[in-house]
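Chemist: my_file.cif is reproduced in full below (mmCIF, C-alpha atoms).
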data_entry
#
loop_
_atom_site.label_atom_id
_atom_site.label_comp_id
_atom_site.auth_asym_id
_atom_site.auth_seq_id
_atom_site.Cartn_x
_atom_site.Cartn_y
_atom_site.Cartn_z
CA MET A 292 0.00 0.00 0.00
CA GLU A 293 1.30 3.43 -0.96
CA ARG A 294 1.32 6.02 1.83
CA LEU A 295 1.44 9.65 0.70
CA ASP A 296 1.20 13.08 2.32
CA ASP A 297 2.02 15.23 -0.70
CA VAL A 298 -0.74 16.67 -2.90
CA ASN A 299 1.30 16.49 -6.11
CA ALA A 300 2.30 12.87 -5.50
CA TRP A 301 -1.35 12.02 -4.80
CA ARG A 302 -2.48 13.66 -8.06
CA ALA A 303 0.27 11.90 -10.02
CA TYR A 304 -0.67 8.55 -8.50
CA ALA A 305 -4.33 8.91 -9.54
CA ASP A 306 -3.35 10.09 -13.03
CA ALA A 307 -1.04 7.10 -13.45
CA GLN A 308 -3.81 4.65 -12.52
CA ARG A 309 -6.19 6.11 -15.08
CA ALA A 310 -3.45 6.14 -17.72
CA GLN A 311 -3.22 2.37 -17.25
CA GLY A 312 -6.96 2.01 -17.80
CA ARG A 313 -7.86 1.59 -14.15
CA ARG A 314 -10.80 3.28 -12.45
CA VAL A 315 -10.07 5.23 -9.28
CA GLY A 316 -12.28 4.90 -6.21
CA LEU A 317 -11.96 7.64 -3.59
CA VAL A 318 -12.99 7.18 0.05
CA PRO A 319 -12.66 10.50 1.94
CA THR A 320 -12.43 10.18 5.73
CA MET A 321 -11.37 12.16 8.78
CA GLY A 322 -9.62 9.14 10.25
CA ALA A 323 -10.38 7.19 13.44
CA LEU A 324 -11.39 4.46 11.01
CA HIS A 325 -13.99 1.93 12.13
CA ALA A 326 -16.18 -0.75 10.57
CA GLY A 327 -18.32 1.89 8.88
CA HIS A 328 -15.30 3.22 7.01
CA ALA A 329 -14.20 -0.34 6.28
CA SER A 330 -17.55 -0.96 4.58
CA LEU A 331 -16.92 2.01 2.25
CA LEU A 332 -13.44 0.74 1.44
CA GLY A 333 -14.91 -2.71 0.82
CA GLU A 334 -17.53 -1.29 -1.56
CA ALA A 335 -14.83 0.44 -3.58
CA LYS A 336 -12.65 -2.67 -3.63
CA ALA A 337 -15.58 -4.90 -4.63
CA ALA A 338 -16.33 -2.55 -7.54
CA GLY A 339 -12.85 -3.19 -8.88
CA ASP A 340 -11.56 0.32 -8.24
CA VAL A 341 -8.02 1.31 -7.38
CA VAL A 342 -8.84 2.53 -3.90
CA ILE A 343 -7.47 5.82 -2.62
CA ALA A 344 -8.44 6.59 0.99
CA THR A 345 -7.81 10.04 2.41
CA VAL A 346 -7.45 10.90 6.08
CA PHE A 347 -7.73 14.59 6.87
CA VAL A 348 -9.37 16.23 9.87
CA ASN A 349 -10.71 19.33 8.15
CA PRO A 350 -10.73 22.29 10.57
CA ARG A 351 -12.93 24.38 8.28
CA GLN A 352 -15.99 22.22 9.00
CA PHE A 353 -15.80 22.54 12.79
CA ASN A 354 -17.79 25.30 14.48
CA ASP A 355 -16.48 24.43 17.93
CA ALA A 356 -12.73 24.63 18.62
CA ALA A 357 -13.09 22.16 21.51
CA ASP A 358 -14.79 19.68 19.18
CA LEU A 359 -11.89 19.97 16.75
CA ARG A 360 -9.32 19.49 19.53
CA GLY A 361 -11.20 16.47 20.86
CA TYR A 362 -11.69 14.75 17.52
CA PRO A 363 -9.95 11.34 17.71
CA ARG A 364 -6.75 10.91 15.73
CA THR A 365 -5.38 7.37 15.34
CA PRO A 366 -2.94 7.40 12.39
CA GLU A 367 -1.28 4.03 12.93
CA ALA A 368 -4.58 2.27 13.62
CA ASP A 369 -5.97 3.92 10.47
CA TYR A 370 -3.04 2.56 8.48
CA ALA A 371 -3.76 -0.95 9.78
CA VAL A 372 -7.46 -0.73 8.86
CA ALA A 373 -6.69 0.62 5.40
CA GLU A 374 -4.12 -2.09 4.74
CA ALA A 375 -6.49 -4.83 5.95
CA CYS A 376 -9.19 -3.51 3.60
CA GLY A 377 -6.90 -3.67 0.58
CA VAL A 378 -6.51 0.08 0.09
CA ASP A 379 -4.04 0.79 -2.68
CA CYS A 380 -3.05 4.29 -1.57
CA LEU A 381 -3.54 5.97 1.81
CA VAL A 382 -3.24 9.75 1.60
CA GLU A 383 -2.69 11.75 4.80
CA PRO A 384 -2.17 15.32 3.60
CA THR A 385 -0.87 17.89 6.04
CA LEU A 386 -2.87 20.93 7.04
CA ALA A 387 -0.34 23.13 5.23
CA GLN A 388 -0.88 21.11 2.04
CA MET A 389 -4.67 21.39 2.19
CA TRP A 390 -5.13 24.91 3.59
CA PRO A 391 -1.85 26.84 3.19
CA ASP A 392 -3.27 30.03 4.71
CA TYR A 393 -4.89 28.45 7.77
CA PRO A 394 -5.96 29.75 10.26
CA ARG A 395 -6.72 32.70 8.03
CA PRO A 396 -9.84 32.06 5.92
CA THR A 397 -9.29 31.06 2.33
CA SER A 398 -10.38 33.39 -0.44
CA THR A 399 -12.41 30.65 -2.14
CA THR A 400 -15.30 28.81 -0.51
CA VAL A 401 -17.72 26.35 -2.06
CA SER A 402 -21.24 26.95 -0.73
CA VAL A 403 -24.19 24.74 -1.69
CA ARG A 404 -27.26 26.78 -0.85
CA GLY A 405 -30.55 25.29 0.25
CA VAL A 406 -29.61 21.74 1.20
CA SER A 407 -26.74 22.98 3.38
CA GLU A 408 -28.81 25.53 5.32
CA VAL A 409 -31.26 23.25 7.16
CA LEU A 410 -30.92 20.56 9.84
CA GLU A 411 -27.17 20.31 10.65
CA GLY A 412 -26.57 23.48 8.67
CA ALA A 413 -29.04 25.48 10.75
CA ASP A 414 -27.32 24.48 14.01
CA ARG A 415 -23.77 24.62 12.67
CA PRO A 416 -23.45 27.69 10.41
CA GLY A 417 -20.66 27.34 7.88
CA HIS A 418 -20.22 23.62 8.54
CA PHE A 419 -21.26 22.50 5.08
CA ASP A 420 -19.26 25.28 3.42
CA GLY A 421 -16.24 23.65 5.04
CA VAL A 422 -17.38 20.18 3.94
CA ALA A 423 -18.13 21.22 0.35
CA SER A 424 -14.88 23.15 0.05
CA VAL A 425 -12.67 20.30 1.24
CA VAL A 426 -14.53 17.66 -0.78
CA ALA A 427 -14.28 19.84 -3.90
CA LYS A 428 -10.53 20.03 -3.28
CA LEU A 429 -10.27 16.25 -2.79
CA PHE A 430 -12.09 15.77 -6.09
CA ALA A 431 -9.92 18.35 -7.87
CA ILE A 432 -6.71 16.64 -6.75
CA THR A 433 -7.90 13.08 -7.38
CA GLY A 434 -9.53 13.78 -10.75
CA PRO A 435 -12.23 11.62 -12.38
CA CYS A 436 -13.27 8.93 -9.92
CA ARG A 437 -16.03 7.19 -8.03
CA ALA A 438 -16.40 8.60 -4.52
CA TYR A 439 -17.91 6.64 -1.64
CA PHE A 440 -19.80 8.24 1.24
CA GLY A 441 -21.80 6.68 4.06
CA GLU A 442 -25.54 7.30 4.33
CA LYS A 443 -25.16 7.94 8.07
CA ASP A 444 -24.11 11.47 7.15
CA PHE A 445 -27.14 11.73 4.89
CA GLN A 446 -27.21 15.51 4.59
CA GLN A 447 -23.52 15.55 3.70
CA LEU A 448 -24.24 13.02 0.94
CA VAL A 449 -27.04 15.23 -0.42
CA VAL A 450 -24.78 18.32 -0.33
CA VAL A 451 -21.96 16.54 -2.16
CA ARG A 452 -24.30 15.17 -4.81
CA GLN A 453 -25.79 18.61 -5.39
CA MET A 454 -22.33 20.16 -5.70
CA VAL A 455 -21.28 17.53 -8.23
CA ARG A 456 -24.44 18.12 -10.29
CA ASP A 457 -24.15 21.89 -10.17
CA LEU A 458 -20.46 21.98 -11.12
CA ALA A 459 -20.54 19.02 -13.55
CA LEU A 460 -17.63 17.41 -11.73
CA PRO A 461 -16.35 14.12 -13.22
CA VAL A 462 -17.22 12.18 -10.08
CA ASP A 463 -19.71 9.35 -9.58
CA VAL A 464 -20.93 9.73 -5.98
CA ARG A 465 -21.94 6.46 -4.34
CA GLY A 466 -23.97 6.32 -1.11
CA CYS A 467 -23.35 3.26 1.08
CA PRO A 468 -25.63 1.80 3.78
CA ILE A 469 -25.31 2.76 7.45
CA VAL A 470 -23.29 0.31 9.54
CA ARG A 471 -24.49 -0.28 13.09
CA ASP A 472 -23.20 -1.98 16.19
CA GLU A 473 -25.12 -4.98 17.46
CA ASP A 474 -27.13 -2.74 19.78
CA GLY A 475 -28.26 -0.57 16.86
CA LEU A 476 -26.05 2.47 17.41
CA ALA A 477 -24.85 3.91 14.10
CA LEU A 478 -21.07 3.72 13.96
CA ALA A 479 -19.31 7.07 14.31
CA SER A 480 -15.82 8.11 15.35
CA ARG A 481 -17.34 10.31 18.07
CA ASN A 482 -18.94 7.31 19.81
CA VAL A 483 -15.68 6.62 21.67
CA ARG A 484 -16.29 9.79 23.69
CA LEU A 485 -19.46 8.35 25.25
CA SER A 486 -19.50 6.68 28.67
CA ALA A 487 -21.40 3.40 29.10
CA GLU A 488 -24.41 5.34 30.42
CA GLY A 489 -24.16 7.88 27.61
CA ARG A 490 -24.04 5.14 25.02
CA THR A 491 -27.24 3.67 26.45
CA ARG A 492 -28.95 7.04 26.12
CA ALA A 493 -27.57 7.45 22.60
CA LEU A 494 -29.46 4.33 21.51
CA ALA A 495 -32.58 6.49 21.61
CA LEU A 496 -31.67 7.81 18.16
CA SER A 497 -31.98 4.42 16.49
CA ARG A 498 -35.04 3.61 18.64
CA ALA A 499 -36.67 6.83 17.46
CA LEU A 500 -36.20 5.75 13.86
CA GLY A 501 -37.55 2.30 14.71
CA ALA A 502 -40.66 3.95 16.13
CA VAL A 503 -41.52 5.28 12.65
CA SER A 504 -40.85 2.11 10.69
CA GLY A 505 -44.53 1.82 9.75
CA ALA A 506 -46.49 4.10 7.44
CA GLY A 507 -47.81 7.30 8.98
CA THR A 508 -48.21 11.03 8.57
CA ALA A 509 -45.25 13.41 8.66
CA SER A 510 -46.44 15.08 11.86
CA GLY A 511 -47.16 11.73 13.49
CA HIS A 512 -43.68 10.47 12.69
CA ARG A 513 -42.10 13.64 14.07
CA ARG A 514 -44.10 13.39 17.27
CA ARG A 515 -43.12 9.76 17.88
CA MET A 516 -39.43 10.44 17.28
CA LEU A 517 -39.44 13.40 19.65
CA GLU A 518 -41.18 11.37 22.35
CA VAL A 519 -38.52 8.63 22.21
CA LEU A 520 -35.64 11.09 22.30
CA ASP A 521 -37.15 13.14 25.09
CA ALA A 522 -37.87 10.07 27.24
CA ALA A 523 -34.18 9.09 27.03
CA GLY A 524 -32.97 12.52 28.12
CA VAL A 525 -31.32 13.34 24.81
CA GLU A 526 -30.74 17.05 24.19
CA ILE A 527 -32.75 17.20 20.96
CA ALA A 528 -31.43 19.13 17.98
CA TYR A 529 -34.11 17.99 15.53
CA ALA A 530 -36.34 15.10 14.50
CA GLU A 531 -37.50 15.72 10.95
CA VAL A 532 -39.04 14.00 7.93
CA VAL A 533 -37.76 15.36 4.63
CA ASP A 534 -37.63 14.89 0.89
CA PRO A 535 -34.46 12.81 0.31
CA LEU A 536 -33.31 14.97 -2.63
CA THR A 537 -34.09 18.51 -1.49
CA LEU A 538 -34.25 18.02 2.31
CA ALA A 539 -37.45 20.09 2.33
CA ALA A 540 -39.62 19.28 5.35
CA SER A 541 -42.55 17.02 4.50
CA GLY A 542 -46.17 17.92 5.20
CA ASP A 543 -49.20 15.85 6.10
CA ASP A 544 -50.50 16.14 2.55
CA GLU A 545 -47.58 14.08 1.20
CA GLU A 546 -47.33 10.37 0.47
CA GLY A 547 -44.45 8.10 -0.47
CA GLU A 548 -40.89 7.42 0.58
CA ARG A 549 -39.08 10.10 2.56
CA ARG A 550 -36.14 10.27 4.96
CA ALA A 551 -36.36 10.62 8.73
CA LEU A 552 -33.39 12.37 10.34
CA VAL A 553 -32.63 12.80 14.02
CA ALA A 554 -29.87 14.61 15.89
CA GLY A 555 -29.13 15.17 19.53
CA VAL A 556 -26.42 15.75 22.08
CA VAL A 557 -25.44 13.20 24.71
CA GLU A 558 -22.63 14.01 27.17
CA GLY A 559 -21.58 16.88 24.97
CA VAL A 560 -21.29 14.65 21.90
CA ARG A 561 -23.46 15.53 18.91
CA LEU A 562 -24.93 12.40 17.31
CA ILE A 563 -26.95 11.94 14.12
CA ASP A 564 -28.89 9.09 12.55
CA ASN A 565 -31.42 8.58 9.79
CA GLY A 566 -33.47 6.05 7.90
CA PRO A 567 -36.17 5.65 5.25
CA VAL A 568 -39.77 6.32 6.20
CA THR A 569 -43.12 5.95 4.45
CA LEU A 570 -45.67 8.76 4.48
CA VAL A 571 -49.42 8.58 4.05
CA THR A 572 -51.89 11.47 4.23
CA LYS A 573 -54.15 11.96 7.24
CA GLU A 574 -57.10 10.78 5.18
CA SER A 575 -55.35 7.59 4.06
CA HIS A 576 -54.08 6.94 7.58
CA ALA A 577 -57.60 7.32 8.98
CA LEU A 578 -59.05 4.92 6.39
CA SER A 579 -56.39 2.28 7.10
CA ASN A 580 -57.23 2.41 10.80
#
How does this structure look as structure tokens?
Modeler:
Amino acid sequence: MERLDDVNAWRAYADAQRAQGRRVGLVPTMGALHAGHASLLGEAKAAGDVVIATVFVNPRQFNDAADLRGYPRTPEADYAVAEACGVDCLVEPTLAQMWPDYPRPTSTTVSVRGVSEVLEGADRPGHFDGVASVVAKLFAITGPCRAYFGEKDFQQLVVVRQMVRDLALPVDVRGCPIVRDEDGLALASRNVRLSAEGRTRALALSRALGAVSGAGTASGHRRRMLEVLDAAGVEIAYAEVVDPLTLAASGDDEEGERRALVAGVVEGVRLIDNGPVTLVTKESHALSN
């Protein structure tokens, strides 16, 4: 496995693979790799791609300096996971390579309006500008590729897809299923910061989604999710049902497949989860009951 930290070497590596007729698969991460990341790497490997995994904790997407300082960094463990997953090239660019002017703001920012301004974006202003900007840079350096993102960060996936469509970037964005622990908690690097009691409370997020597994109205689904989160003592950020493409909040006059998203804070750790949900109108719901 190649291990690079230089942007030019990374670009040259990707160019060389394509010159030999190989397709490049890119898996962007912020490190602290776990089974969820391994599933993305496995998807890329199974597709026959030359897999490039990046590890970069992007400071521009953090609103809270303490959150950035506390974000887990496990470079040698990350190397072991990447190697075990058959990664062809692990790229760990330095902060100076990615953002030469940091901590001064860069002159260029990629902002995806609409889908980045709700949910996580409403609570964390500028977060998705940081995400879109760094992902755009990863794509620019890597060049034409398939890029793999987990559905756990569903809003991030929507933002990236919109950016790729709007800018006609030569990237095929692939969303991969959420990976959960046996108890149902969605895997996330931040989970290691939870105590045993906090982890038990955090399970309310997946339970809230389970509570809306049947068909129902948008308002009914929201109410049930909020009840589950509140009963567990989770500091609720939101519990919403949205259109999976636009992230517009769904109304009780809508039917069909939508996405339920929940977010909350447990022991100072912000957690998110999501899943598919089926909507019926109030009239249809009344008739079925």
Chemist: Identify which of the residues A:Arg471, A:Arg492, A:Arg313, A:Arg481 lies closest to A:Ala326, counting only C-alpha atoms when measuring atom-to-atom distances.
Modeler: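 Nearest to A:Ala326: A:Arg471.
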Chemist: Which polymer residues have any atom within 12 Å of an atom of A:Leu429, counting all atoms listed in the file, with same-chain residues fewer than 2 positions away left out, as a count of residues only?
Modeler: 37
Chemist: Written as an NGL selection string, what is the full residue list that the PyMOL selection byres ((chain A and resi 554-557) around 6) yields on the file shown?
Modeler: :A and (525-529 or 553 or 558-563)
Chemist: With C-alpha atoms retained, export the selected residues as a PDB file, in the coordinates of the input.
Modeler:
ATOM      1  CA  VAL A 525     -31.320  13.340  24.810  1.00  0.00           C
ATOM      2  CA  GLU A 526     -30.740  17.050  24.190  1.00  0.00           C
ATOM      3  CA  ILE A 527     -32.750  17.200  20.960  1.00  0.00           C
ATOM      4  CA  ALA A 528     -31.430  19.130  17.980  1.00  0.00           C
ATOM      5  CA  TYR A 529     -34.110  17.990  15.530  1.00  0.00           C
ATOM      6  CA  VAL A 553     -32.630  12.800  14.020  1.00  0.00           C
ATOM      7  CA  GLU A 558     -22.630  14.010  27.170  1.00  0.00           C
ATOM      8  CA  GLY A 559     -21.580  16.880  24.970  1.00  0.00           C
ATOM      9  CA  VAL A 560     -21.290  14.650  21.900  1.00  0.00           C
ATOM     10  CA  ARG A 561     -23.460  15.530  18.910  1.00  0.00           C
ATOM     11  CA  LEU A 562     -24.930  12.400  17.310  1.00  0.00           C
ATOM     12  CA  ILE A 563     -26.950  11.940  14.120  1.00  0.00           C
TER      13      ILE A 563
END
Chemist: One number please: atom CA of A:Glu473 to atom CA of A:Tyr362, in Å, one decimal.
Modeler: 23.9 Å
Chemist: Separation of atom CA of A:Ala459 and atom CA of A:Pro535, in Å?
Modeler: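 Calculated distance between atom CA of A:Ala459 and atom CA of A:Pro535 is 20.6 Å.
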Chemist: Could you check which residues have any atom within 12 Å of (-42.3, 2.4, 9.2), counting only C-alpha atoms with coordinates taken straight from the file, and then list them as a list of chain:residue names?
Modeler: A:Arg498, A:Ala499, A:Leu500, A:Gly501, A:Ala502, A:Val503, A:Ser504, A:Gly505, A:Ala506, A:Gly507, A:Thr508, A:Ala509, A:Gly511, A:His512, A:Arg515, A:Met516, A:Gly547, A:Glu548, A:Arg549, A:Arg550, A:Ala551, A:Gly566, A:Pro567, A:Val568, A:Thr569, A:Leu570, A:Val571
Chemist: Which is closer to A:Ala329 than all the others in A:Ala375, A:Asp543, A:Val403, A:Pro350, using all atoms listed in the file?
Modeler: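 Counting all atoms listed in the file, the residue closest to A:Ala329 is A:Ala375.
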Chemist: Quick one: stretch 334-406 of chain A with C-alpha atoms, as a PDB file, in the first residue's frame?
Modeler:
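Final output, selection_17.pdb:
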ATOM      1  CA  GLU A 334     -17.532  -1.293  -1.556  1.00  0.00           C
ATOM      2  CA  ALA A 335     -14.830   0.440  -3.579  1.00  0.00           C
ATOM      3  CA  LYS A 336     -12.652  -2.668  -3.629  1.00  0.00           C
ATOM      4  CA  ALA A 337     -15.575  -4.902  -4.635  1.00  0.00           C
ATOM      5  CA  ALA A 338     -16.334  -2.548  -7.538  1.00  0.00           C
ATOM      6  CA  GLY A 339     -12.847  -3.195  -8.880  1.00  0.00           C
ATOM      7  CA  ASP A 340     -11.563   0.317  -8.242  1.00  0.00           C
ATOM      8  CA  VAL A 341      -8.022   1.309  -7.379  1.00  0.00           C
ATOM      9  CA  VAL A 342      -8.838   2.533  -3.898  1.00  0.00           C
ATOM     10  CA  ILE A 343      -7.469   5.821  -2.623  1.00  0.00           C
ATOM     11  CA  ALA A 344      -8.436   6.587   0.989  1.00  0.00           C
ATOM     12  CA  THR A 345      -7.814  10.039   2.407  1.00  0.00           C
ATOM     13  CA  VAL A 346      -7.451  10.897   6.083  1.00  0.00           C
ATOM     14  CA  PHE A 347      -7.731  14.586   6.870  1.00  0.00           C
ATOM     15  CA  VAL A 348      -9.370  16.232   9.866  1.00  0.00           C
ATOM     16  CA  ASN A 349     -10.709  19.330   8.155  1.00  0.00           C
ATOM     17  CA  PRO A 350     -10.728  22.289  10.570  1.00  0.00           C
ATOM     18  CA  ARG A 351     -12.932  24.376   8.276  1.00  0.00           C
ATOM     19  CA  GLN A 352     -15.987  22.220   8.999  1.00  0.00           C
ATOM     20  CA  PHE A 353     -15.795  22.544  12.791  1.00  0.00           C
ATOM     21  CA  ASN A 354     -17.793  25.297  14.481  1.00  0.00           C
ATOM     22  CA  ASP A 355     -16.477  24.430  17.932  1.00  0.00           C
ATOM     23  CA  ALA A 356     -12.732  24.627  18.618  1.00  0.00           C
ATOM     24  CA  ALA A 357     -13.090  22.164  21.507  1.00  0.00           C
ATOM     25  CA  ASP A 358     -14.792  19.679  19.184  1.00  0.00           C
ATOM     26  CA  LEU A 359     -11.886  19.974  16.750  1.00  0.00           C
ATOM     27  CA  ARG A 360      -9.319  19.493  19.526  1.00  0.00           C
ATOM     28  CA  GLY A 361     -11.201  16.469  20.857  1.00  0.00           C
ATOM     29  CA  TYR A 362     -11.687  14.751  17.518  1.00  0.00           C
ATOM     30  CA  PRO A 363      -9.953  11.340  17.715  1.00  0.00           C
ATOM     31  CA  ARG A 364      -6.748  10.908  15.732  1.00  0.00           C
ATOM     32  CA  THR A 365      -5.382   7.371  15.339  1.00  0.00           C
ATOM     33  CA  PRO A 366      -2.941   7.404  12.391  1.00  0.00           C
ATOM     34  CA  GLU A 367      -1.279   4.030  12.932  1.00  0.00           C
ATOM     35  CA  ALA A 368      -4.578   2.270  13.617  1.00  0.00           C
ATOM     36  CA  ASP A 369      -5.967   3.922  10.473  1.00  0.00           C
ATOM     37  CA  TYR A 370      -3.043   2.557   8.481  1.00  0.00           C
ATOM     38  CA  ALA A 371      -3.760  -0.955   9.784  1.00  0.00           C
ATOM     39  CA  VAL A 372      -7.460  -0.728   8.860  1.00  0.00           C
ATOM     40  CA  ALA A 373      -6.695   0.620   5.396  1.00  0.00           C
ATOM     41  CA  GLU A 374      -4.124  -2.092   4.737  1.00  0.00           C
ATOM     42  CA  ALA A 375      -6.487  -4.831   5.948  1.00  0.00           C
ATOM     43  CA  CYS A 376      -9.190  -3.511   3.601  1.00  0.00           C
ATOM     44  CA  GLY A 377      -6.902  -3.668   0.581  1.00  0.00           C
ATOM     45  CA  VAL A 378      -6.512   0.076   0.092  1.00  0.00           C
ATOM     46  CA  ASP A 379      -4.039   0.794  -2.680  1.00  0.00           C
ATOM     47  CA  CYS A 380      -3.051   4.292  -1.572  1.00  0.00           C
ATOM     48  CA  LEU A 381      -3.540   5.970   1.810  1.00  0.00           C
ATOM     49  CA  VAL A 382      -3.237   9.754   1.597  1.00  0.00           C
ATOM     50  CA  GLU A 383      -2.690  11.752   4.797  1.00  0.00           C
ATOM     51  CA  PRO A 384      -2.171  15.319   3.604  1.00  0.00           C
ATOM     52  CA  THR A 385      -0.867  17.893   6.044  1.00  0.00           C
ATOM     53  CA  LEU A 386      -2.869  20.932   7.045  1.00  0.00           C
ATOM     54  CA  ALA A 387      -0.335  23.129   5.232  1.00  0.00           C
ATOM     55  CA  GLN A 388      -0.877  21.109   2.045  1.00  0.00           C
ATOM     56  CA  MET A 389      -4.668  21.392   2.192  1.00  0.00           C
ATOM     57  CA  TRP A 390      -5.130  24.913   3.586  1.00  0.00           C
ATOM     58  CA  PRO A 391      -1.847  26.839   3.188  1.00  0.00           C
ATOM     59  CA  ASP A 392      -3.269  30.031   4.713  1.00  0.00           C
ATOM     60  CA  TYR A 393      -4.894  28.447   7.774  1.00  0.00           C
ATOM     61  CA  PRO A 394      -5.962  29.750  10.264  1.00  0.00           C
ATOM     62  CA  ARG A 395      -6.722  32.701   8.030  1.00  0.00           C
ATOM     63  CA  PRO A 396      -9.838  32.064   5.922  1.00  0.00           C
ATOM     64  CA  THR A 397      -9.287  31.056   2.332  1.00  0.00           C
ATOM     65  CA  SER A 398     -10.380  33.387  -0.441  1.00  0.00           C
ATOM     66  CA  THR A 399     -12.406  30.650  -2.139  1.00  0.00           C
ATOM     67  CA  THR A 400     -15.295  28.813  -0.512  1.00  0.00           C
ATOM     68  CA  VAL A 401     -17.724  26.345  -2.056  1.00  0.00           C
ATOM     69  CA  SER A 402     -21.240  26.948  -0.733  1.00  0.00           C
ATOM     70  CA  VAL A 403     -24.189  24.735  -1.688  1.00  0.00           C
ATOM     71  CA  ARG A 404     -27.256  26.777  -0.854  1.00  0.00           C
ATOM     72  CA  GLY A 405     -30.554  25.286   0.246  1.00  0.00           C
ATOM     73  CA  VAL A 406     -29.610  21.738   1.197  1.00  0.00           C
TER      74      VAL A 406
END
